[in-house]
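J.: This structure is in structure tokens; I'll ask about it shortly.
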2 protein chains.
Amino acid sequence: MVFTNSQHTVKRFDMEIQQLVNLVLDMGRTVEQQVSRAVAAFRQGDAAVAREVVAGDAAVNRRDIEIDRSCLRLLGRRQPMSTDLRLVMALNKAVNDLERIGDEAKAIAEKTLAIHARGGDSLREGIPLEMGRLATIASRRVQNALDSLARLDVDQAWMLVRTDEAEDVFQDILRALSTYALDGELAVATVIDVALALKALKRVADRAQNLAEYVIYIVEGQDIRHQI
Amino acid sequence: MVFTNSQHTVKRFDMEIQQLVNLVLDMGRTVEQQVSRAVAAFRQGDAAVAREVVAGDAAVNRRDIEIDRSCLRLLGRRQPMSTDLRLVMALNKAVNDLERIGDEAKAIAEKTLAIHARGGDSLREGIPLEMGRLATIASRRVQNALDSLARLDVDQAWMLVRTDEAEDVFQDILRALSTYALDGELAVATVIDVALALKALKRVADRAQNLAEYVIYIVEGQDIRHQI
């Protein structure tokens, strides 16, 4: 089927696009929850919740493949041009980032389990507290990015792209982690696990930036990646 | 312009696809070099080469945006269907993975600089040696993945997907790192930097797996992601 400009086809195309956007937003909310639960489990050393997060990643992956197929079907059947094509391609990329955010949530949960399995090596109060700061930033960024995608709000997307405290906070926490470790209360293996969990959380914040960049690309047709 | 089946248009389309494949393969070789140089710099503590790798990432990023544009142009002008559409979409995803491999090379180089800046905290012989094992695996996987893409060799792609020693070797090295750290010769900050550099290298190996999965997707039409 070739895309034509008849009112009927346009309407159906718009409907299909809106369905696609809804699927992406829904997946976004799911991975955001995965991250929040993974961080909560990590901070509280809760192995049961961590296991649930690990198990929950399969549903995220299924969603990834489903939406990818929808994109391909839409491209093949509707043959969209210019703005519509850009929109579908951007959604296709967004799904990839959301799937990776899901992977990072799983990675944080796995580190929780590794620390737990090592037994009794509970984290000093300071680390969960510091991690909370980074988690708040990462969650807010993902939520804002999804919000800007839902409303195609390019101002909100630009705001997100231009303000990024995640790197500074991440570096602060790594320094704090070194200090705690020097006190000798943490096993080296745990220090490494905590560092990798923090890095995973930092990557969540980075992925939110990608999402915002797609919104700018959809609305303005401008590919600003790698420039900010 | 709508894709038609006339011999002339098909020929031009094939040519454009081949150009796109060549661009992707060329980008693949570039990022593979970036990884090799980053690992060499890390292992030798060579800040000058590390700085070159960091600077070299800009060219990778430009290539990313260029190829993305080529994909969009091809989709918009040629409106490919079925196998051709799948091929273009897979190449579009492959570029994204290659760009991320470039990012990991940069991350490894930045850790080299951070350790260097801390001054005098040169790595014990064991760590560069262990890292070499993981680097060999990661490089071979990227090369094999690119090779399978160049020849659309689905057997090679399946072989790559089915054998992954990277995770085991990565975990081995983290354990070795803990042991070296316990000897007290490494600053905690350096232990963390080494762990993050190793993780970046591990991610390179993971990305090679993605590339192989796209080859299977192109040739067999089967999306095997998340199943292996």
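Letters for chains follow the order of the structure tokens (A, B, ...), residue numbers begin at 1 for each chain, and ligand numbers begin at 1 in the order shown.
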Return as JSON, numbers by chain the residues belonging to chain B that are within 8 Å of chain A, counting only C-alpha atoms.

T.: {"B": [58, 61, 65, 72, 76, 79, 80, 81, 82, 85, 86, 174, 175, 178, 181, 182, 188, 189, 191, 192, 195, 196, 199, 223, 225, 226]}

J.: Quick one: residues within 12 Å of Asp26 in chain A, only C-alpha atoms counted, chain neighbours fewer than 3 positions away excluded, as a ChimeraX atom specification?

T.: /A:19-23,29-33,60,63-64,67,95,98,143,146-147,149-150

J.: Given only C-alpha atoms as the basis, pick out the residue of B:Ala166, B:Leu74, B:Val161, B:Ala200 nearest to Ser148 in chain B.

T.: B:Val161

J.: For each of B:Leu211, B:Ala90, B:Val54, B:Val39, take the minimum atom-to-atom distance to Leu129 in chain B, counting only C-alpha atoms, then give the residue where this is smallest.

T.: B:Val39
